[in-house]
$ cat model08.pdb   # PDB, C-alpha atoms
ATOM      1  CA  MET A 257     -24.274  -8.824  -7.443
ATOM      2  CA  LYS A 258     -20.743  -7.402  -7.361
ATOM      3  CA  SER A 259     -20.204  -4.293  -5.251
ATOM      4  CA  ILE A 260     -17.721  -1.413  -5.362
ATOM      5  CA  LEU A 261     -16.958   1.587  -3.176
ATOM      6  CA  VAL A 262     -15.609   4.578  -5.114
ATOM      7  CA  LEU A 263     -13.632   7.021  -2.970
ATOM      8  CA  GLY A 264     -13.158  10.422  -4.584
ATOM      9  CA  ALA A 265     -16.430   9.874  -6.441
ATOM     10  CA  THR A 266     -17.015  13.580  -7.147
ATOM     11  CA  GLY A 267     -13.573  13.985  -8.745
ATOM     12  CA  ASN A 268     -12.605  14.119 -12.424
ATOM     13  CA  LEU A 269     -12.134  10.343 -12.704
ATOM     14  CA  GLY A 270     -14.139   9.116  -9.724
ATOM     15  CA  ALA A 271     -17.414  10.388 -11.171
ATOM     16  CA  TYR A 272     -16.833   8.547 -14.445
ATOM     17  CA  ILE A 273     -15.862   5.360 -12.586
ATOM     18  CA  THR A 274     -18.994   5.532 -10.430
ATOM     19  CA  LEU A 275     -21.373   5.881 -13.363
ATOM     20  CA  HIS A 276     -19.518   3.204 -15.358
ATOM     21  CA  PHE A 277     -19.958   0.508 -12.714
ATOM     22  CA  HIS A 278     -23.566   1.567 -12.152
ATOM     23  CA  LYS A 279     -24.181   1.051 -15.874
ATOM     24  CA  LEU A 280     -22.580  -2.405 -15.597
ATOM     25  CA  GLY A 281     -25.191  -3.364 -13.006
ATOM     26  CA  TRP A 282     -22.885  -3.351  -9.962
ATOM     27  CA  ARG A 283     -24.005  -2.177  -6.543
ATOM     28  CA  VAL A 284     -22.121   1.117  -6.283
ATOM     29  CA  ILE A 285     -21.532   3.367  -3.280
ATOM     30  CA  ALA A 286     -20.110   6.830  -3.948
ATOM     31  CA  ALA A 287     -18.027   8.627  -1.316
ATOM     32  CA  SER A 288     -16.055  11.842  -1.342
ATOM     33  CA  ARG A 289     -14.845  14.603   0.954
ATOM     34  CA  ARG A 290     -17.559  17.014  -0.217
ATOM     35  CA  LYS A 291     -20.373  17.519   2.274
ATOM     36  CA  ASN A 292     -22.918  16.834  -0.449
ATOM     37  CA  ASP A 293     -23.104  16.029  -4.142
ATOM     38  CA  ASN A 294     -26.040  18.351  -4.917
ATOM     39  CA  GLY A 295     -28.203  15.292  -5.471
ATOM     40  CA  PHE A 296     -26.203  14.126  -8.484
ATOM     41  CA  PHE A 297     -25.793  10.465  -7.533
ATOM     42  CA  ALA A 298     -29.390  10.204  -6.293
ATOM     43  CA  ASP A 299     -30.441  10.764  -9.910
ATOM     44  CA  TYR A 300     -28.886   7.346 -10.594
ATOM     45  CA  ASN A 301     -30.090   5.743  -7.325
ATOM     46  CA  ILE A 302     -26.488   5.612  -6.111
ATOM     47  CA  PRO A 303     -26.022   6.269  -2.359
ATOM     48  CA  TYR A 304     -23.578   9.068  -1.546
ATOM     49  CA  TYR A 305     -21.569   9.459   1.672
ATOM     50  CA  SER A 306     -19.378  12.361   2.762
ATOM     51  CA  VAL A 307     -16.143  10.635   3.793
ATOM     52  CA  ASP A 308     -12.841  12.285   4.720
ATOM     53  CA  ILE A 309     -10.217   9.545   4.331
ATOM     54  CA  THR A 310      -7.809  11.429   6.640
ATOM     55  CA  ASP A 311     -10.248  10.716   9.500
ATOM     56  CA  LYS A 312     -10.504   6.995  10.247
ATOM     57  CA  ASN A 313     -13.775   7.529  12.126
ATOM     58  CA  SER A 314     -15.330   8.895   8.934
ATOM     59  CA  PHE A 315     -15.457   5.333   7.572
ATOM     60  CA  ASN A 316     -17.814   4.174  10.323
ATOM     61  CA  GLN A 317     -20.879   5.379   8.402
ATOM     62  CA  LEU A 318     -20.131   3.174   5.367
ATOM     63  CA  PRO A 319     -21.412  -0.307   4.553
ATOM     64  CA  THR A 320     -18.596  -2.855   4.664
ATOM     65  CA  ASP A 321     -19.609  -5.570   2.211
ATOM     66  CA  PHE A 322     -17.639  -4.704  -0.915
ATOM     67  CA  ASP A 323     -15.759  -6.729  -3.507
ATOM     68  CA  VAL A 324     -13.611  -3.784  -4.588
ATOM     69  CA  VAL A 325     -12.546  -0.371  -3.324
ATOM     70  CA  ALA A 326     -11.497   2.134  -5.989
ATOM     71  CA  ASP A 327      -9.494   4.721  -4.047
ATOM     72  CA  PHE A 328      -9.291   7.846  -6.212
ATOM     73  CA  ALA A 329      -9.333  10.332  -3.333
ATOM     74  CA  GLY A 330      -6.457  12.675  -2.497
ATOM     75  CA  ASP A 331      -5.049  16.101  -3.344
ATOM     76  CA  LEU A 332      -3.426  16.823  -6.710
ATOM     77  CA  PRO A 333      -0.840  19.396  -7.862
ATOM     78  CA  ALA A 334      -3.140  20.281 -10.773
ATOM     79  CA  SER A 335      -5.803  21.571  -8.369
ATOM     80  CA  MET A 336      -3.585  23.101  -5.672
ATOM     81  CA  LYS A 337      -3.409  26.892  -5.596
ATOM     82  CA  GLY A 338      -0.094  27.819  -4.060
ATOM     83  CA  TYR A 339       1.648  24.946  -2.277
ATOM     84  CA  ASP A 340       0.921  22.937   0.836
ATOM     85  CA  GLY A 341       2.885  19.675   1.024
ATOM     86  CA  GLU A 342       1.067  18.677   4.203
ATOM     87  CA  LYS A 343      -2.075  18.082   2.139
ATOM     88  CA  TYR A 344      -0.284  15.317   0.233
ATOM     89  CA  ILE A 345       0.965  13.742   3.454
ATOM     90  CA  ASP A 346      -2.524  13.827   4.979
ATOM     91  CA  SER A 347      -4.689  12.825   2.009
ATOM     92  CA  ILE A 348      -2.330  10.370   0.302
ATOM     93  CA  ILE A 349      -0.097   8.835   2.979
ATOM     94  CA  LYS A 350      -2.357   9.013   6.040
ATOM     95  CA  GLY A 351      -5.486   8.663   3.910
ATOM     96  CA  THR A 352      -4.233   5.542   2.125
ATOM     97  CA  TYR A 353      -3.234   3.965   5.437
ATOM     98  CA  ASN A 354      -6.738   4.579   6.805
ATOM     99  CA  VAL A 355      -8.281   3.071   3.679
ATOM    100  CA  LEU A 356      -6.039   0.003   3.896
ATOM    101  CA  GLU A 357      -6.784  -0.568   7.565
ATOM    102  CA  TRP A 358     -10.514  -0.264   6.949
ATOM    103  CA  ILE A 359     -10.220  -2.722   4.054
ATOM    104  CA  ARG A 360      -8.240  -5.169   6.200
ATOM    105  CA  LYS A 361     -10.647  -5.042   9.115
ATOM    106  CA  ASN A 362     -13.624  -5.653   6.842
ATOM    107  CA  ASN A 363     -12.003  -8.388   4.720
ATOM    108  CA  ILE A 364     -12.465  -6.544   1.438
ATOM    109  CA  PRO A 365     -10.359  -8.461  -1.099
ATOM    110  CA  ARG A 366      -9.330  -5.872  -3.694
ATOM    111  CA  ILE A 367      -8.180  -2.260  -4.123
ATOM    112  CA  ILE A 368      -7.676  -0.153  -7.263
ATOM    113  CA  PHE A 369      -5.328   2.788  -6.762
ATOM    114  CA  PRO A 370      -3.945   5.464  -9.132
ATOM    115  CA  GLN A 371      -0.192   6.035  -9.250
ATOM    116  CA  THR A 372       1.278   9.214 -10.665
ATOM    117  CA  LEU A 373       3.040   9.272 -14.023
ATOM    118  CA  PHE A 374       5.759  11.437 -12.489
ATOM    119  CA  ASP A 375       7.284   8.504 -10.613
ATOM    120  CA  VAL A 376       8.969   7.670 -13.954
ATOM    121  CA  HIS A 377       9.698  11.289 -14.949
ATOM    122  CA  TYR A 378      13.379  10.500 -15.448
ATOM    123  CA  LEU A 379      12.477   8.365 -18.481
ATOM    124  CA  PHE A 380      10.610  11.161 -20.299
ATOM    125  CA  GLY A 381      11.949  12.696 -23.499
ATOM    126  CA  THR A 382      12.162   9.720 -25.854
ATOM    127  CA  ARG A 383       9.803   7.421 -27.739
ATOM    128  CA  GLU A 384      11.088   4.382 -25.892
ATOM    129  CA  PRO A 385       8.028   2.936 -24.102
ATOM    130  CA  ILE A 386       8.335   3.149 -20.317
ATOM    131  CA  SER A 387       7.870  -0.187 -18.548
ATOM    132  CA  ALA A 388       5.088  -0.628 -16.005
ATOM    133  CA  ASP A 389       7.711  -2.029 -13.626
ATOM    134  CA  ALA A 390      10.255   0.770 -14.091
ATOM    135  CA  GLU A 391      11.977   1.993 -10.936
ATOM    136  CA  ARG A 392       9.963   4.635  -9.107
ATOM    137  CA  ARG A 393      11.874   7.859  -8.436
ATOM    138  CA  VAL A 394      11.127  11.332  -7.102
ATOM    139  CA  PRO A 395      11.703  14.512  -9.177
ATOM    140  CA  LEU A 396      14.589  16.632  -7.913
ATOM    141  CA  CYS A 397      12.698  19.891  -8.322
ATOM    142  CA  GLY A 398       9.239  21.310  -9.069
ATOM    143  CA  ASP A 399       5.798  21.201  -7.485
ATOM    144  CA  HIS A 400       5.431  17.404  -7.836
ATOM    145  CA  GLN A 401       8.193  16.363  -5.401
ATOM    146  CA  MET A 402       6.142  15.863  -2.228
ATOM    147  CA  TYR A 403       3.227  14.570  -4.282
ATOM    148  CA  VAL A 404       5.374  11.815  -5.832
ATOM    149  CA  ILE A 405       6.943  11.003  -2.457
ATOM    150  CA  ALA A 406       3.442  10.564  -1.030
ATOM    151  CA  LYS A 407       2.235   8.466  -3.963
ATOM    152  CA  ASN A 408       5.298   6.210  -3.850
ATOM    153  CA  ALA A 409       4.814   5.744  -0.101
ATOM    154  CA  ALA A 410       1.153   4.838  -0.685
ATOM    155  CA  VAL A 411       2.116   2.250  -3.301
ATOM    156  CA  GLU A 412       4.650   0.716  -0.884
ATOM    157  CA  MET A 413       1.977   0.499   1.812
ATOM    158  CA  ILE A 414      -0.406  -1.215  -0.590
ATOM    159  CA  GLU A 415       2.317  -3.700  -1.538
ATOM    160  CA  GLN A 416       2.902  -4.429   2.138
ATOM    161  CA  TYR A 417      -0.807  -5.189   2.645
ATOM    162  CA  HIS A 418      -0.640  -7.432  -0.415
ATOM    163  CA  ARG A 419       2.285  -9.389   1.048
ATOM    164  CA  ASP A 420       1.042  -9.551   4.637
ATOM    165  CA  TYR A 421      -2.723  -9.838   4.198
ATOM    166  CA  GLY A 422      -3.211 -11.084   0.637
ATOM    167  CA  LEU A 423      -4.869  -7.879  -0.562
ATOM    168  CA  GLU A 424      -5.376  -8.005  -4.329
ATOM    169  CA  ARG A 425      -3.945  -4.714  -5.572
ATOM    170  CA  PHE A 426      -4.319  -3.092  -8.952
ATOM    171  CA  ILE A 427      -2.165   0.010  -9.178
ATOM    172  CA  VAL A 428      -2.692   2.019 -12.364
ATOM    173  CA  ARG A 429      -0.040   4.480 -13.528
ATOM    174  CA  LEU A 430      -1.986   7.316 -15.091
ATOM    175  CA  SER A 431      -0.907   9.113 -18.184
ATOM    176  CA  LYS A 432      -3.291  12.010 -18.720
ATOM    177  CA  VAL A 433      -6.785  10.560 -18.963
ATOM    178  CA  TYR A 434      -8.713  12.616 -21.480
ATOM    179  CA  GLN A 435     -12.240  13.375 -20.289
ATOM    180  CA  TYR A 436     -14.443  16.438 -19.962
ATOM    181  CA  HIS A 437     -14.480  18.832 -17.049
ATOM    182  CA  PRO A 438     -15.896  22.374 -17.234
ATOM    183  CA  ASN A 439     -12.783  23.760 -15.532
ATOM    184  CA  HIS A 440     -10.313  24.447 -18.343
ATOM    185  CA  TYR A 441      -7.584  25.574 -15.976
ATOM    186  CA  THR A 442      -4.882  23.774 -14.040
ATOM    187  CA  TYR A 443      -2.165  24.780 -11.597
ATOM    188  CA  THR A 444       1.551  24.609 -12.373
ATOM    189  CA  ASP A 445       3.883  25.398  -9.471
ATOM    190  CA  GLY A 446       0.801  26.708  -7.670
ATOM    191  CA  LYS A 447      -0.139  29.196 -10.417
ATOM    192  CA  ARG A 448      -3.348  28.986 -12.442
ATOM    193  CA  CYS A 449      -2.962  28.494 -16.182
ATOM    194  CA  LEU A 450      -5.084  27.395 -19.140
ATOM    195  CA  ILE A 451      -4.792  23.729 -20.134
ATOM    196  CA  ASN A 452      -2.992  23.450 -23.495
ATOM    197  CA  ASP A 453      -5.759  21.527 -25.261
ATOM    198  CA  TRP A 454      -8.349  24.150 -24.339
ATOM    199  CA  PHE A 455      -6.035  26.892 -25.586
ATOM    200  CA  PHE A 456      -5.984  25.228 -29.012
ATOM    201  CA  ILE A 457      -9.714  24.459 -28.929
ATOM    202  CA  SER A 458     -10.479  28.117 -28.198
ATOM    203  CA  LYS A 459      -8.370  29.234 -31.155
ATOM    204  CA  ALA A 460      -9.907  26.609 -33.443
ATOM    205  CA  GLU A 461     -13.431  27.710 -32.535
ATOM    206  CA  LYS A 462     -12.529  31.295 -33.437
ATOM    207  CA  GLY A 463     -10.647  30.322 -36.604
ATOM    208  CA  GLU A 464      -7.512  32.017 -35.266
ATOM    209  CA  PRO A 465      -3.978  31.071 -36.448
ATOM    210  CA  ILE A 466      -2.205  28.332 -34.481
ATOM    211  CA  GLU A 467       1.532  27.720 -34.177
ATOM    212  CA  ILE A 468       3.025  24.277 -33.605
ATOM    213  CA  TRP A 469       6.080  24.829 -31.431
ATOM    214  CA  GLY A 470       9.259  22.781 -31.624
ATOM    215  CA  ASP A 471       9.152  19.341 -33.229
ATOM    216  CA  PRO A 472       5.636  18.530 -34.566
ATOM    217  CA  THR A 473       6.377  14.794 -34.472
ATOM    218  CA  ARG A 474       6.822  14.728 -30.695
ATOM    219  CA  ILE A 475       4.616  12.022 -29.156
ATOM    220  CA  LEU A 476       2.258  12.596 -26.242
ATOM    221  CA  GLU A 477       0.628   9.631 -24.522
ATOM    222  CA  THR A 478      -3.147   9.537 -24.883
ATOM    223  CA  CYS A 479      -5.866   7.669 -23.019
ATOM    224  CA  HIS A 480      -9.534   8.351 -23.718
ATOM    225  CA  VAL A 481     -11.618   8.095 -20.548
ATOM    226  CA  GLU A 482     -13.566   5.207 -22.121
ATOM    227  CA  ASP A 483     -10.320   3.215 -22.533
ATOM    228  CA  PHE A 484      -9.403   4.160 -18.963
ATOM    229  CA  LEU A 485     -12.766   2.793 -17.773
ATOM    230  CA  GLN A 486     -12.141  -0.407 -19.728
ATOM    231  CA  ILE A 487      -8.923  -0.870 -17.736
ATOM    232  CA  ILE A 488     -10.570  -0.084 -14.390
ATOM    233  CA  GLU A 489     -13.359  -2.549 -15.141
ATOM    234  CA  LYS A 490     -10.809  -5.253 -15.928
ATOM    235  CA  CYS A 491      -8.897  -4.428 -12.724
ATOM    236  CA  ALA A 492     -12.127  -5.079 -10.831
ATOM    237  CA  THR A 493     -12.994  -8.355 -12.548
ATOM    238  CA  VAL A 494      -9.873 -10.335 -13.571
ATOM    239  CA  SER A 495      -9.085 -13.443 -11.549
ATOM    240  CA  HIS A 496      -5.577 -12.741 -10.231
ATOM    241  CA  ASP A 497      -4.016 -10.570  -7.546
ATOM    242  CA  GLY A 498      -2.869  -7.699  -9.748
ATOM    243  CA  GLY A 499       0.241  -5.552  -9.945
ATOM    244  CA  ILE A 500       1.123  -2.168 -11.426
ATOM    245  CA  TYR A 501      -0.218  -1.309 -14.878
ATOM    246  CA  ASN A 502       0.381   1.535 -17.291
ATOM    247  CA  ILE A 503      -2.619   3.375 -18.689
ATOM    248  CA  GLY A 504      -2.209   4.600 -22.251
ATOM    249  CA  SER A 505      -2.828   3.825 -25.898
ATOM    250  CA  GLY A 506       0.450   4.502 -27.714
ATOM    251  CA  GLY A 507       0.042   8.234 -28.007
ATOM    252  CA  SER A 508      -0.337  10.682 -30.880
ATOM    253  CA  SER A 509       1.917  13.331 -32.388
ATOM    254  CA  LEU A 510       1.667  17.011 -31.530
ATOM    255  CA  GLU A 511       0.765  17.792 -35.148
ATOM    256  CA  GLU A 512      -1.990  15.160 -35.247
ATOM    257  CA  ARG A 513      -3.480  16.526 -32.065
ATOM    258  CA  ILE A 514      -3.547  20.153 -33.194
ATOM    259  CA  ARG A 515      -4.768  19.505 -36.738
ATOM    260  CA  THR A 516      -7.533  17.237 -35.436
ATOM    261  CA  ILE A 517      -8.632  19.905 -32.945
ATOM    262  CA  VAL A 518      -8.794  22.413 -35.817
ATOM    263  CA  GLU A 519     -10.935  20.084 -37.928
ATOM    264  CA  VAL A 520     -13.318  18.998 -35.163
ATOM    265  CA  PHE A 521     -13.854  22.325 -33.376
ATOM    266  CA  ALA A 522     -13.876  24.749 -36.322
ATOM    267  CA  LYS A 523     -17.102  26.729 -36.684
ATOM    268  CA  ASN A 524     -18.843  27.673 -39.917
ATOM    269  CA  GLY A 525     -16.167  25.898 -41.947
ATOM    270  CA  ILE A 526     -13.483  28.417 -40.962
ATOM    271  CA  LEU A 527     -10.278  26.457 -40.330
ATOM    272  CA  SER A 528      -7.369  27.927 -38.378
ATOM    273  CA  ASN A 529      -4.176  28.394 -40.365
ATOM    274  CA  VAL A 530      -1.549  26.097 -38.833
ATOM    275  CA  THR A 531       2.108  27.133 -39.053
ATOM    276  CA  TYR A 532       5.350  25.848 -37.575
ATOM    277  CA  ALA A 533       7.732  27.459 -35.100
ATOM    278  CA  PRO A 534      10.606  24.965 -34.740
ATOM    279  CA  GLU A 535      12.660  27.507 -32.793
ATOM    280  CA  LYS A 536      10.108  27.556 -29.944
ATOM    281  CA  PRO A 537      10.369  25.256 -26.866
ATOM    282  CA  LEU A 538       9.693  21.529 -27.288
ATOM    283  CA  CYS A 539       6.703  19.917 -25.605
ATOM    284  CA  SER A 540       7.199  17.024 -23.188
ATOM    285  CA  GLN A 541       7.402  13.574 -24.795
ATOM    286  CA  TYR A 542       6.780  10.133 -23.313
ATOM    287  CA  VAL A 543       5.099   6.843 -24.170
ATOM    288  CA  LEU A 544       3.991   4.198 -21.684
ATOM    289  CA  ASP A 545       4.492   0.514 -22.419
ATOM    290  CA  ILE A 546       1.033  -1.076 -22.184
ATOM    291  CA  THR A 547       2.230  -4.627 -22.989
ATOM    292  CA  LYS A 548       1.647  -5.793 -19.415
ATOM    293  CA  THR A 549      -1.761  -4.095 -19.297
ATOM    294  CA  LYS A 550      -2.775  -5.968 -22.443
ATOM    295  CA  LYS A 551      -1.320  -9.313 -21.385
ATOM    296  CA  GLU A 552      -2.514  -9.458 -17.772
ATOM    297  CA  LEU A 553      -5.763  -7.474 -18.032
ATOM    298  CA  GLY A 554      -6.824  -8.236 -21.605
ATOM    299  CA  TYR A 555      -6.870  -4.524 -22.463
ATOM    300  CA  GLU A 556      -7.119  -3.331 -26.072
ATOM    301  CA  PRO A 557      -7.266   0.421 -26.798
ATOM    302  CA  LYS A 558     -10.348   1.327 -28.814
ATOM    303  CA  TYR A 559     -10.177   5.111 -29.128
ATOM    304  CA  LYS A 560      -7.905   7.374 -31.179
ATOM    305  CA  TRP A 561      -7.309  11.097 -30.681
ATOM    306  CA  ARG A 562      -9.989  11.997 -33.236
ATOM    307  CA  ASP A 563     -12.509   9.787 -31.413
ATOM    308  CA  TYR A 564     -11.747  11.686 -28.222
ATOM    309  CA  CYS A 565     -12.184  15.123 -29.799
ATOM    310  CA  ILE A 566     -15.576  14.168 -31.241
ATOM    311  CA  TRP A 567     -16.619  12.644 -27.905
ATOM    312  CA  LEU A 568     -15.408  15.738 -26.012
ATOM    313  CA  LYS A 569     -17.467  18.044 -28.207
ATOM    314  CA  ASN A 570     -20.602  16.028 -27.425
ATOM    315  CA  GLU A 571     -19.814  15.671 -23.714
ATOM    316  CA  ARG A 572     -19.359  19.411 -23.506
ATOM    317  CA  GLU A 573     -22.840  19.909 -24.950
ATOM    318  CA  ILE A 574     -24.706  17.522 -22.656
ATOM    319  CA  GLN A 575     -22.990  18.663 -19.405
ATOM    320  CA  ARG A 576     -23.992  15.507 -17.539
ATOM    321  CA  PHE A 577     -21.865  16.301 -14.457
ATOM    322  CA  ALA A 578     -23.026  19.906 -14.045
ATOM    323  CA  LYS A 579     -24.668  19.157 -10.664
ATOM    324  CA  ILE A 580     -21.334  18.312  -9.065
ATOM    325  CA  TRP A 581     -18.863  20.260 -11.225
ATOM    326  CA  GLY A 582     -20.850  23.292 -12.313
ATOM    327  CA  THR A 583     -20.431  24.735 -15.812
ATOM    328  CA  GLU A 584     -17.654  26.528 -17.652
ATOM    329  CA  SER A 585     -18.917  29.945 -16.544
ATOM    330  CA  ASP A 586     -18.211  28.962 -12.931
ATOM    331  CA  TYR A 587     -14.476  28.792 -13.657
ATOM    332  CA  GLN A 588     -13.957  31.951 -15.688
TER     333      GLN A 588
END
$ encode --input "model08.pdb" --output "structure tokens"
Amino acid sequence: MKSILVLGATGNLGAYITLHFHKLGWRVIAASRRKNDNGFFADYNIPYYSVDITDKNSFNQLPTDFDVVADFAGDLPASMKGYDGEKYIDSIIKGTYNVLEWIRKNNIPRIIFPQTLFDVHYLFGTREPISADAERRVPLCGDHQMYVIAKNAAVEMIEQYHRDYGLERFIVRLSKVYQYHPNHYTYTDGKRCLINDWFFISKAEKGEPIEIWGDPTRILETCHVEDFLQIIEKCATVSHDGGIYNIGSGGSSLEERIRTIVEVFAKNGILSNVTYAPEKPLCSQYVLDITKTKKELGYEPKYKWRDYCIWLKNEREIQRFAKIWGTESDYQ
């Protein structure tokens, strides 16, 4: 039986990864910084350990016989109130080093690690697909600078362990992975704000008018969590030593996204009136080139934006992660 350790298992993506590999029949161990998981993973007979990756001694409690480590631990700008760059240095740079050393000492052959999209920020703004092997750079301003520095340093460390110790490394550059979390808010420059999609969903549910700002044909990269899990599964099972891979599906236009939200989330047949405001600010635009992901991992996107919206509506109803994430009322 194949085995995997998921670090950051109570996080937005880690929880989905953990349940996915459990469903596949793998032996799965869940670990995260939280002191407890409120019994969530026990419901699936998955052992849970409280592990702080910034403390190398915290790893001593873990089993060591794994085929893969999926390291999705670490602080994020989207969840950081205010700003504390030291958290990125500790959880991403020091934390990744501790993970790599523990992997090396226990002869674990493979790691899966998420890289930030913002390492290729300088290529945003066009529809030209961004290569998986594009040069990694750091933004010159904004709340992501230290975060990207830390992520780039972590990737370089992983590459060094690949060269020196033969570690098979699968580094996945994340566009936004679309999943469900009851917290509809994020942080931008340390300030709390409503996530755009939930703003439109709220209006659609109330039948309120919606404006499409700027150019409605602007493309935003899209990756349904089920397509993301397909990629992670392939990273864990393919028979080569990996590389860096873009996660995406080709994207969808701003207009498609908003009109689909209106259709899927409308109540009692009352559809929001959609109008255009071309004079308003443009949304960000980027597309990731997934050619390498397809060729080397055998990935084929299966889900469109409409599929995601329908899935999200159902996931919101069943609330399967409520034990670890709470419910929407907890974040109001």
$ resolve_selection --input "model08.pdb" --expression "the PyMOL selection byres ((chain A and resi 512-515) around 10)" --output "PyMOL selection string"
chain A and resi 453+456-457+460+466-468+472-476+507-511+516-520+527-530+561-562+565
$ write_last_selection --input "model08.pdb" --atoms "C-alpha atoms" --output "PDB file, in the coordinates of the input"
ATOM      1  CA  ASP A 453      -5.759  21.527 -25.261  1.00  0.00           C
ATOM      2  CA  PHE A 456      -5.984  25.228 -29.012  1.00  0.00           C
ATOM      3  CA  ILE A 457      -9.714  24.459 -28.929  1.00  0.00           C
ATOM      4  CA  ALA A 460      -9.907  26.609 -33.443  1.00  0.00           C
ATOM      5  CA  ILE A 466      -2.205  28.332 -34.481  1.00  0.00           C
ATOM      6  CA  GLU A 467       1.532  27.720 -34.177  1.00  0.00           C
ATOM      7  CA  ILE A 468       3.025  24.277 -33.605  1.00  0.00           C
ATOM      8  CA  PRO A 472       5.636  18.530 -34.566  1.00  0.00           C
ATOM      9  CA  THR A 473       6.377  14.794 -34.472  1.00  0.00           C
ATOM     10  CA  ARG A 474       6.822  14.728 -30.695  1.00  0.00           C
ATOM     11  CA  ILE A 475       4.616  12.022 -29.156  1.00  0.00           C
ATOM     12  CA  LEU A 476       2.258  12.596 -26.242  1.00  0.00           C
ATOM     13  CA  GLY A 507       0.042   8.234 -28.007  1.00  0.00           C
ATOM     14  CA  SER A 508      -0.337  10.682 -30.880  1.00  0.00           C
ATOM     15  CA  SER A 509       1.917  13.331 -32.388  1.00  0.00           C
ATOM     16  CA  LEU A 510       1.667  17.011 -31.530  1.00  0.00           C
ATOM     17  CA  GLU A 511       0.765  17.792 -35.148  1.00  0.00           C
ATOM     18  CA  THR A 516      -7.533  17.237 -35.436  1.00  0.00           C
ATOM     19  CA  ILE A 517      -8.632  19.905 -32.945  1.00  0.00           C
ATOM     20  CA  VAL A 518      -8.794  22.413 -35.817  1.00  0.00           C
ATOM     21  CA  GLU A 519     -10.935  20.084 -37.928  1.00  0.00           C
ATOM     22  CA  VAL A 520     -13.318  18.998 -35.163  1.00  0.00           C
ATOM     23  CA  LEU A 527     -10.278  26.457 -40.330  1.00  0.00           C
ATOM     24  CA  SER A 528      -7.369  27.927 -38.378  1.00  0.00           C
ATOM     25  CA  ASN A 529      -4.176  28.394 -40.365  1.00  0.00           C
ATOM     26  CA  VAL A 530      -1.549  26.097 -38.833  1.00  0.00           C
ATOM     27  CA  TRP A 561      -7.309  11.097 -30.681  1.00  0.00           C
ATOM     28  CA  ARG A 562      -9.989  11.997 -33.236  1.00  0.00           C
ATOM     29  CA  CYS A 565     -12.184  15.123 -29.799  1.00  0.00           C
TER      30      CYS A 565
END
$ residues_around --input "model08.pdb" --residues "stretch 574-581 of chain A" --least-positions-apart "6" --cutoff "9 Å" --atoms "all atoms listed in the file" --output "PyMOL selection string"
chain A and resi 266-268+271+292-296+436-439
$ residues_around --input "model08.pdb" --residues "A:Val394" --least-positions-apart "3" --cutoff "12 Å" --atoms "only C-alpha atoms" --output "VMD selection string"
chain A and resid 372 to 379 391 397 to 409
$ write_last_selection --input "model08.pdb" --atoms "C-alpha atoms" --output "PDB file, in the coordinates of the input"
ATOM      1  CA  THR A 372       1.278   9.214 -10.665  1.00  0.00           C
ATOM      2  CA  LEU A 373       3.040   9.272 -14.023  1.00  0.00           C
ATOM      3  CA  PHE A 374       5.759  11.437 -12.489  1.00  0.00           C
ATOM      4  CA  ASP A 375       7.284   8.504 -10.613  1.00  0.00           C
ATOM      5  CA  VAL A 376       8.969   7.670 -13.954  1.00  0.00           C
ATOM      6  CA  HIS A 377       9.698  11.289 -14.949  1.00  0.00           C
ATOM      7  CA  TYR A 378      13.379  10.500 -15.448  1.00  0.00           C
ATOM      8  CA  LEU A 379      12.477   8.365 -18.481  1.00  0.00           C
ATOM      9  CA  GLU A 391      11.977   1.993 -10.936  1.00  0.00           C
ATOM     10  CA  CYS A 397      12.698  19.891  -8.322  1.00  0.00           C
ATOM     11  CA  GLY A 398       9.239  21.310  -9.069  1.00  0.00           C
ATOM     12  CA  ASP A 399       5.798  21.201  -7.485  1.00  0.00           C
ATOM     13  CA  HIS A 400       5.431  17.404  -7.836  1.00  0.00           C
ATOM     14  CA  GLN A 401       8.193  16.363  -5.401  1.00  0.00           C
ATOM     15  CA  MET A 402       6.142  15.863  -2.228  1.00  0.00           C
ATOM     16  CA  TYR A 403       3.227  14.570  -4.282  1.00  0.00           C
ATOM     17  CA  VAL A 404       5.374  11.815  -5.832  1.00  0.00           C
ATOM     18  CA  ILE A 405       6.943  11.003  -2.457  1.00  0.00           C
ATOM     19  CA  ALA A 406       3.442  10.564  -1.030  1.00  0.00           C
ATOM     20  CA  LYS A 407       2.235   8.466  -3.963  1.00  0.00           C
ATOM     21  CA  ASN A 408       5.298   6.210  -3.850  1.00  0.00           C
ATOM     22  CA  ALA A 409       4.814   5.744  -0.101  1.00  0.00           C
TER      23      ALA A 409
END
$ resolve_selection --input "model08.pdb" --expression "the PyMOL selection byres ((chain A and resi 327) around 12)" --output "number ranges by chain"
A: 260-265, 267, 269-270, 273-274, 286-288, 307, 309, 324-326, 328-330, 347-348, 351-356, 359, 366-371, 410-411, 414, 425-428, 488
$ closest_atom_pairs --input "model08.pdb" --of "stretch 377-397 of chain A" --to "stretch 548-557 of chain A" --cutoff "12 Å" --atoms "all atoms listed in the file" --output "tab-separated table"
residue	atom	partner	partner_atom	distance
A:Pro385	CA	A:Lys548	CA	11.8
A:Ile386	CA	A:Lys548	CA	11.2
A:Ser387	CA	A:Lys548	CA	8.4
A:Ala388	CA	A:Lys548	CA	7.1
A:Asp389	CA	A:Lys548	CA	9.2
$ write_last_selection --input "model08.pdb" --atoms "C-alpha atoms" --output "tab-separated table (two decimals), keeping the file's coordinate frame"
chain	number	residue	atom	x	y	z
A	385	PRO	CA	8.03	2.94	-24.10
A	386	ILE	CA	8.34	3.15	-20.32
A	387	SER	CA	7.87	-0.19	-18.55
A	388	ALA	CA	5.09	-0.63	-16.00
A	389	ASP	CA	7.71	-2.03	-13.63
$ atom_distance --input "model08.pdb" --atom1 "atom CA of A:Asp323" --atom2 "atom CA of A:Ile302"
16.6 Å
$ decode --input "model08.pdb" --residues "stretch 287-291 of chain A" --atoms "C-alpha atoms" --output "CSV table (one decimal), in the first residue's frame"
chain,number,residue,atom,x,y,z
A,287,ALA,CA,-0.4,16.7,10.1
A,288,SER,CA,-0.9,20.4,10.7
A,289,ARG,CA,0.1,23.1,13.2
A,290,ARG,CA,-3.3,23.1,14.9
A,291,LYS,CA,-3.3,21.4,18.3
